[in-house]
Every structure is written in structure tokens, then in C-alpha cells.
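A short write-up of the structure that comes next.
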Amino acid sequence: MSQSDRGLRRLAAGTLLVAFQGTTAPDWVLRELEHGLGGVTLFGFNVADPGQVLGLTTALRGAGEPVISLDEEGGDVTRLAYHVGSPYPGNAALGAVDDVELTRRVYRAIASELAACGINLDMAPSADVNSEADNPVIGTRSFGTDAELAARHTVAAVQGLQSAHVAACVKHFPGHGATRVDSHLAVPVVDVSLDVLRERELTPFRAAIGAGAKSVMTAHVAVPAVTGETPATLSAAALTGLLRGELGYDGVVVTDALDMHAITESVGLAGGAVLSLAAGSDLLCLGPLPTYDDVQAIIAEIVMAVREGRLPPARLEEAAARVSALRAWFGATEGVAAEQNVVGLHAARRAVRLTGSAGPLVEPLVIEVDTPPTIAVGDVPWGVGPWLPDAEIVRVKPAAADVSGLLTTATGRSLVVVVKDAHRHQESRSLVSALVAARPDATVIEMGLPVWRPASATYIATYGAARANAQAAIELLTA
């Protein structure tokens, strides 16, 4: 391979954020880092405990200068606490409190934990304005339905993360909040006018750019007024015209995971990589599925696209310069100590809302209504079990629940029903309604968005299903 070929391959590899299975770095990742690989994205399956993560990131750093990223939003989407649930409430809870200084403190605490583990880029916050209540992928990940509220808390989150020298990655540009389709599965469409887009979707991104956000993540959503039928991740009109041009952004543009069906089922993984780079992205997050062979094929396709004139070499050089500037900003994060504080629980306590009155619990039966996890969240544990050790806790699938049997079991006992995003699941609403009709003295705890509630019953809204949210709800119930 000639020197120019090696240089081109290095530039191509430098645009990739790869993933791998397991809690130690595979040899191929370390080898590719030595040859210029951009970095890695970590997932729950890469995490055992903070010490292990620090060992992993130290090994990665020993092989190159990687961008080491993950999704740590607090709330439902957590990677560091994937196996136990986050100690921080998510954006919906912070938006409900609407104290920007609290949001800043929560995100600074998150960043201090990440920095102590050697992670330098957090794929957060979600700046999406959740204008569609039935949104299957954003929901509690959004600060709320109001663009100005989302904007001021997005700014606070960016400031909190970056004050601890962890780069924020504001997502999902140009906005995923008005969708009813999960882009993991298909291409969602945000069919609004440019005026609405500017006033609603773009308001938090404009504010984040003004606050110095180091990176922005693209959305695999089509916005007909801007991108036609093309997902924004692959659209020069969205990334170069709107983000770079109109909004004046010159930081690093990171793609959402390219292994999502919105990309793989339309243009393919390698094809999507080339099209996204040509459109204006700088780092390609590949997601958890692509293998070493896939990575080799993507690099080869990028190199081929340059040779065939489909991708200007200047575009790769521009991406490399932006990522290099980001690396210079990272500086040294080794030796940073995680802040030991209780800001997460404090925030969750401020967010929780009680309607009605909670009497003393008598031999409580807790019915947790099973809710399928979204792909973005994954299989993170949720529920109130850890905080009610003496209760009998039953988790039921709503379609298969034996209502009369549950009510018989609850005879003479306190009944607590825990549900998550009931407004999105008819079977959950039917089960809760049937239980409450027979037991109007029951307490319902909603651990998603409190869009729907039963006509009677004491009602607790947590605005999220993180560990901190659950503790705050049970403290309210047992006070």
C-alpha cells in the first residue's frame, strides 16, 4: 500500500466510531486505533463497574487518541448504570422542575462520573421537543413539549457536561420529537413547514450552538420541507445547508447509529456512511451491530468513493480537522474523581408529583405492569421493588393479567399499581382501569409521561423510570 493509500485509509478510518462486544477491548480495535480509527461507542454490554470501564478506556487510549463515547442521558437511557438503573432522573423530570441550575448540576455530576471512567464524549442531551405524545422513541428523554423550556435546559445540560470537560452531543438534529415512528425500525417523517421547524424543533439546537456545544448528533428523520424523503443523516440540505449554513455550526457532527433500519434498510451500512460524510457529517456512529468485517467494508467503501469522485477528499480532511480540534479540547481527563453527591435523588424528589392522599401501607401488593423496552433504552431494570422490601411485588403482562385473581390477592391489603407510559399502551390502560374500578383506594404510580391517568385513585407521576425516580415515589408514598 502506497503512502497516499495509507493516508487515505487513515482518513477514512478516522471518521468511524465502532462498537464491540465484551468488557475488554478486542485486538482488532486496538490495532485499528493505531491506524487512525476515530474512536468507539460503548454500550451496556461493555460495562461491569466504573473500575472496569476505566481499565477499558485506558487500554483504548494506549493504542491511539480515541473519541470514547456512550449514551448517558440519566433517566431511562443509561449505560454506566445499565444493569441497575440510573441514579439520575432524566430530562422529563428536570423539565417538570424547570430549574436550570439543577439541570446544570445533574449533568455536571453525570460528566464527573464519565470523566472518572475515561469517557470524553456523552451522546446527550436530547434537545428534542416532544410535541407528539405518542412518540415511541423520545418521550421522557425530552425536557418537554415547549421549545423555549427545552432550549434553556439543553443549554444547562451542555454547560454542565462541558464544565467537567466531557463533550456534549446534542441530539437528534433537526428534531425527533414530532415523530410517531422509531428510526431504529423505519424512517420517521416530520412533515412541518420551515417556519414551524425553526420555531419549534430548531430552537433548542440554536441555543445549544450558542452555548458552545462541541458536537451535534443527526437524526434519521425525513423533513420534507428540507430533506424531501431523505433522512437528515444523509442530507446535505440538513447538515450543510441548515446546520452549518443557517445555524452557523462549525463543531463536530456525529451521526446517530448507522445500523438502524432507517439507514440499513434503505441505502445500506457502507452506502449510508459515504452519503452521510458527503452530506456533512464528521464522525459516523456505527451502533452495536457492525462487526470487524463490516468495519473493514465501510472503510473500503469510503476509500473507493473518494477514488471514484463520489466523495471529495477535502470532506474527509475537513472532518479530520474538526475531530482533531475536539481531541485538543478534551485535554487530560485521567485522574478525575467522580463527584459523590445526591443531586440525582434531590432532583427526582423535586420532580415527583402526588395527586390525592397516600394512606399508610398495609401488607402492600405491588402490581408492576410490564412494558416492552424501547431499543434506545434497552433492558434496563425499573420498578419500585428495591424501595419496598417488605411488599409483595408481582410483574404482569397486561394482556395476560388475571384481574380477578389479582384483586383477590389484594383483599384487605394496600394496592399499588406501577405503570410506564400508559398513554402509549391500550392494554396497560385497560388493566389499570379495571383494577382501580374495583379498588378506588389504590395508588397508581406512572413512571413514564403522565399523559393518561385513571379517573380515581391516588396518583403519583415520576416523569421517568430511573432508580432515583422510583425511590422518590416510594418516599412520597411511605412518608
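Quick note on naming: the chains in the C-alpha cells go A, B, ... in the order shown, residues restart at 1 in each chain, and ligands are numbered from 1 in order of appearance.
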Show me a table, sorted first by chain and then by increasing residue number, of the residues of region 93-124 of chain A having an atom at most 8 Å from region 160-163 of chain A, each with its shortest atom pair and the distance in Å to one decimal, counting only C-alpha atoms and written as a Markdown table.
| residue | atom | partner | partner_atom | distance |
| --- | --- | --- | --- | --- |
| A:Thr103 | CA | A:Gly160 | CA | 7.7 |
| A:Arg104 | CA | A:Gly160 | CA | 4.5 |
| A:Arg105 | CA | A:Gly160 | CA | 6.2 |
| A:Val106 | CA | A:Gly160 | CA | 7.4 |
| A:Tyr107 | CA | A:Gly160 | CA | 4.8 |
| A:Arg108 | CA | A:Gly160 | CA | 4.1 |
| A:Ala109 | CA | A:Gly160 | CA | 7.9 |
| A:Ile110 | CA | A:Leu161 | CA | 7.3 |
| A:Ala111 | CA | A:Leu161 | CA | 5.0 |
| A:Asp122 | CA | A:Leu161 | CA | 8.0 |
Since we have the selection now, will you write its residues out, keeping C-alpha atoms, as a PDB file, in the first residue's frame?
ATOM      1  CA  THR A 103     -30.216  20.613  35.374  1.00  0.00           C
ATOM      2  CA  ARG A 104     -26.683  22.004  35.150  1.00  0.00           C
ATOM      3  CA  ARG A 105     -25.737  20.300  38.435  1.00  0.00           C
ATOM      4  CA  VAL A 106     -27.198  16.945  37.374  1.00  0.00           C
ATOM      5  CA  TYR A 107     -25.328  16.966  34.066  1.00  0.00           C
ATOM      6  CA  ARG A 108     -22.098  18.072  35.735  1.00  0.00           C
ATOM      7  CA  ALA A 109     -22.413  15.139  38.149  1.00  0.00           C
ATOM      8  CA  ILE A 110     -23.007  12.777  35.212  1.00  0.00           C
ATOM      9  CA  ALA A 111     -19.957  14.228  33.445  1.00  0.00           C
ATOM     10  CA  ASP A 122     -21.518  11.965  26.063  1.00  0.00           C
TER      11      ASP A 122
END
Mind running region 339-433 of chain A against region 130-135 of chain A at 12 Å and telling me each contacting residue's nearest atom pair with the distance in Å (one decimal), counting only C-alpha atoms, chain and number ascending, as a tab-separated table?
residue	atom	partner	partner_atom	distance
A:Thr374	CA	A:Asn135	CA	11.0
A:Asp421	CA	A:Asp134	CA	9.3
A:Ala422	CA	A:Asp134	CA	10.4
A:His423	CA	A:Asp134	CA	7.5
A:Arg424	CA	A:Asp134	CA	5.9
A:His425	CA	A:Asp134	CA	9.5
A:Gln426	CA	A:Asp134	CA	11.8
Selected residues written out, N, CA and C atoms, as a PDB file, in the first residue's frame:
ATOM      1  N   THR A 374     -37.913   0.220  24.863  1.00  0.00           N
ATOM      2  CA  THR A 374     -37.554   0.708  23.532  1.00  0.00           C
ATOM      3  C   THR A 374     -36.116   0.291  23.241  1.00  0.00           C
ATOM      4  N   ASP A 421     -45.645   4.773  30.886  1.00  0.00           N
ATOM      5  CA  ASP A 421     -46.193   5.284  29.615  1.00  0.00           C
ATOM      6  C   ASP A 421     -47.524   4.629  29.265  1.00  0.00           C
ATOM      7  N   ALA A 422     -48.460   4.663  30.217  1.00  0.00           N
ATOM      8  CA  ALA A 422     -49.769   4.045  29.981  1.00  0.00           C
ATOM      9  C   ALA A 422     -50.463   4.638  28.757  1.00  0.00           C
ATOM     10  N   HIS A 423     -50.208   5.927  28.477  1.00  0.00           N
ATOM     11  CA  HIS A 423     -50.880   6.575  27.336  1.00  0.00           C
ATOM     12  C   HIS A 423     -50.523   5.927  26.004  1.00  0.00           C
ATOM     13  N   ARG A 424     -49.420   5.193  25.966  1.00  0.00           N
ATOM     14  CA  ARG A 424     -48.971   4.584  24.716  1.00  0.00           C
ATOM     15  C   ARG A 424     -49.412   3.127  24.579  1.00  0.00           C
ATOM     16  N   HIS A 425     -50.035   2.563  25.604  1.00  0.00           N
ATOM     17  CA  HIS A 425     -50.340   1.135  25.583  1.00  0.00           C
ATOM     18  C   HIS A 425     -51.770   0.900  26.058  1.00  0.00           C
ATOM     19  N   GLN A 426     -52.671   0.607  25.131  1.00  0.00           N
ATOM     20  CA  GLN A 426     -54.082   0.400  25.444  1.00  0.00           C
ATOM     21  C   GLN A 426     -54.277  -0.724  26.463  1.00  0.00           C
TER      22      GLN A 426
END
Practice problem: Quick one: everything within 7 Å of region 286-290 of chain A, counting only C-alpha atoms, minus sequence neighbours fewer than 6 positions away in the same chain. Send it as a count of residues only. | Solution: 7
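Between CA of Ala81 (chain A) and CA of Trp382 (chain A) lies a distance of 11.6 Å.
From CA of Tyr88 (chain A) back to CA of Val394 (chain A), the distance works out to 25.3 Å.
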Quiz item: If you count only C-alpha atoms, which residues fall within 8 Å of Arg9 (chain A), apart from same-chain ones fewer than 4 positions away, as a VMD selection string?
Solution: chain A and resid 5 13 299 to 300 303
Keeping only N, CA and C atoms, write those residues as a PDB file, in the first residue's frame.
ATOM      1  N   ASP A   5      -2.122   5.894  -0.307  1.00  0.00           N
ATOM      2  CA  ASP A   5      -3.205   4.961   0.013  1.00  0.00           C
ATOM      3  C   ASP A   5      -3.377   4.824   1.526  1.00  0.00           C
ATOM      4  N   ALA A  13     -10.765   5.749   8.130  1.00  0.00           N
ATOM      5  CA  ALA A  13     -10.938   5.105   9.440  1.00  0.00           C
ATOM      6  C   ALA A  13     -11.181   6.136  10.536  1.00  0.00           C
ATOM      7  N   ILE A 299     -14.744   1.081   5.602  1.00  0.00           N
ATOM      8  CA  ILE A 299     -13.514   1.835   5.275  1.00  0.00           C
ATOM      9  C   ILE A 299     -13.200   1.699   3.783  1.00  0.00           C
ATOM     10  N   ALA A 300     -13.304   0.480   3.274  1.00  0.00           N
ATOM     11  CA  ALA A 300     -13.014   0.247   1.849  1.00  0.00           C
ATOM     12  C   ALA A 300     -13.974   1.026   0.962  1.00  0.00           C
ATOM     13  N   VAL A 303     -13.001   4.747   0.956  1.00  0.00           N
ATOM     14  CA  VAL A 303     -11.819   4.919   0.095  1.00  0.00           C
ATOM     15  C   VAL A 303     -12.212   4.850  -1.377  1.00  0.00           C
TER      16      VAL A 303
END
